[in-house]
Structures are given as C-alpha cells and as structure tokens.
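Undergrad: Pasting a structure below so you can have a look.
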Amino acid sequence: YHDITKLKQTEAELTKHRDHLEKLVEQRTAELQQEIAERKQVEESLRKNEEKFSKAFHCIPIICGISELDTGKFMEVNQAFYNKLELTPEEVIGKQSSEVVRMDMLFRDRIIGIMKRRGSVKNEEATIYAKNGKAIHVLFNAVIIEISGKKYNFSTAIDVTANKKMEEQLRQIQKMEAIGTLAGGIAHDFN
C-alpha cells in the first residue's frame, strides 16, 4: 500500500511538472511565433525600402555611381549612367572608375585630392566622354558614404551639355551684336 501511495504521489508530481513544462513550451512557442512574425514584418519593410530606393536610384535622370573608396571599383550605377556613357553593366560593374569613365586625368587627380581633404566635392565642372567619344559637359558632385563599415564614393554628374551650347550661342549672338554696333558706329563716322 505504501508503494502505491508513493507511486501515486510521484505520478502526481510528474503530471504537475509535465503540465508546467507544457505551459512553458506553449509560452515560448507563442513568444517565438511573435518574434518570427515581427522579423518577417521587418524583413518585408526592409525589402520594400530597398526596392523603393533602388527604383528611385535607377530612374533619376542624373548620372549616379557608387564605387569603393579605396579601389575605385564600381559597385552600382544607375540607368542614366549606362545611357549617357553608352555602356553596359558588364563594362562597368567591378571595374575601376578610371577604366570606365574617360575624363581628364588632372581633373580626376584634383577631385581625389579634394575628396581626401574635405570628404566631398560640389559642382565641379568637367567633361567626360561617352563610349563613342561624344563629349558630355557635367557638374560633378561626390561624397564619401559608409555602408556596413566600408567607405564608398557616391558621385553624381549633371549633364549640362545643352546649357553649354546655349551659352556658346548666346556669346556668338552677343559678338554679332557688338560687331553690328561697331560697324554701325564706323558707318556713322564715315557719314
């Protein structure tokens, strides 16, 4: 009889511990499900943000590129970069900017010096060349950014070629007006 009582007590304790363990497992399972749901929500939010910024980056009509600061290798460029310079991703991504973007080497060296001193460059006039040799006049901007502990150069180039042509046409018109005024003055003097 004593063994049966002891057996029932042990059985009751085991049932009590089992019930307690089941409650703990249920609680922890609920916590983990909540954590998983929150992580999925965060991952979805990050994916949407990445997609949003990627689409914005690629549809901006300004030439944009991201390159490693220490090597100059392009990590990412936008569609305007490919279109304006008439290049393909295979010709750009993973290549050094000096291999891809044709420009005056003195300008490039000066820009690198400014970047090292100030960390950014603003509205520097430059001429870059498309694959076919066509000159593109740009306002060049760059800033050092950090992504996952690594430094990159984010640069933009605004195509001002049309503005340069209009400025040149305006100068020609002004020259013609000046010549016309001068000729009118000379004709007046002769009269």
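Each chain in the structure tokens gets a letter, A, B and so on, in the order shown; residues start at 1 in every chain, and ligands are counted from 1 in the order they appear.
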If we count only C-alpha atoms, what is near Ala157 of chain A at a cut-off of 6 Å, once residues fewer than 6 positions away on the same chain are taken out, given as a ChimeraX atom specification?
TA: /A:63,138-140
Undergrad: Once DSSP has gone over the backbone, tell me which residues of segment 28-128 of chain A are in helix (DSSP H, G or I), as a PyMOL selection string.
TA: chain A and resi 28-59+79-85+89-92+97-100+105-118
Undergrad: Can you list, as a ChimeraX atom specification, all residues belonging to segment 48-186 of chain A that DSSP tags as strand (DSSP E)?
TA: /A:63-68,74-77,102-103,120-129,135-147,150-159
Undergrad: Pick out the residues sitting within 12 Å of Val100 of chain A, and hand them over as a list in words; count only C-alpha atoms, and ignore anything fewer than 5 positions along from it in its own chain.
TA: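 Neighbouring residues, sequence-local ones excluded: Gly65, Ser67, Gly72, Lys73, Phe74, Val77, Phe81, Tyr82, Leu85, Glu86, Leu87, Thr88, Pro89, Glu90, Glu91, Val92, Ile93, Gly94, Lys95, Ile128, Tyr129, Ala130 and Lys131 of chain A.
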Undergrad: Name the residues in contact with Ala142 of chain A at a cut-off of 9 Å, using only C-alpha atoms, excluding same-chain residues fewer than 4 positions from it; report them as a ChimeraX atom specification.
TA: /A:111,115,119-123,153-157
Undergrad: Work out how far atom CA of Glu13 of chain A is from atom CA of Arg28 of chain A, in Å to one decimal.
TA: 22.2 Å
Undergrad: Of the candidates A:Lys175, A:Lys16, A:Ile66, A:Asn141, which shows the shortest atom-to-atom distance to Ile114 of chain A, using only C-alpha atoms?
TA: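 Once distances to Ile114 of chain A are computed over only C-alpha atoms, the minimum belongs to A:Asn141.
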Undergrad: Quick check, in Å to one decimal: how far apart do atom CA of Glu76 of chain A and atom CA of Ser54 of chain A lie?
TA: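 Between atom CA of Glu76 of chain A and atom CA of Ser54 of chain A the gap is 10.2 Å.
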Undergrad: Give me, please, the distance in Å between atom CA of Ala12 of chain A and atom CA of Ala30 of chain A, quoted to one decimal.
TA: 26.8 Å
Undergrad: Between A:Ile62, A:Met75, A:Val143, A:Ala126, which is the closest to Phe107 of chain A once you count only C-alpha atoms?
TA: A:Ala126
Undergrad: Nearest to Ile60 of chain A among A:Leu46, A:Ile158, A:Ser97, A:Asp19, with distances taken over only C-alpha atoms: which residue is it?
TA: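 For Ile60 of chain A, the nearest of the candidates is A:Ile158.
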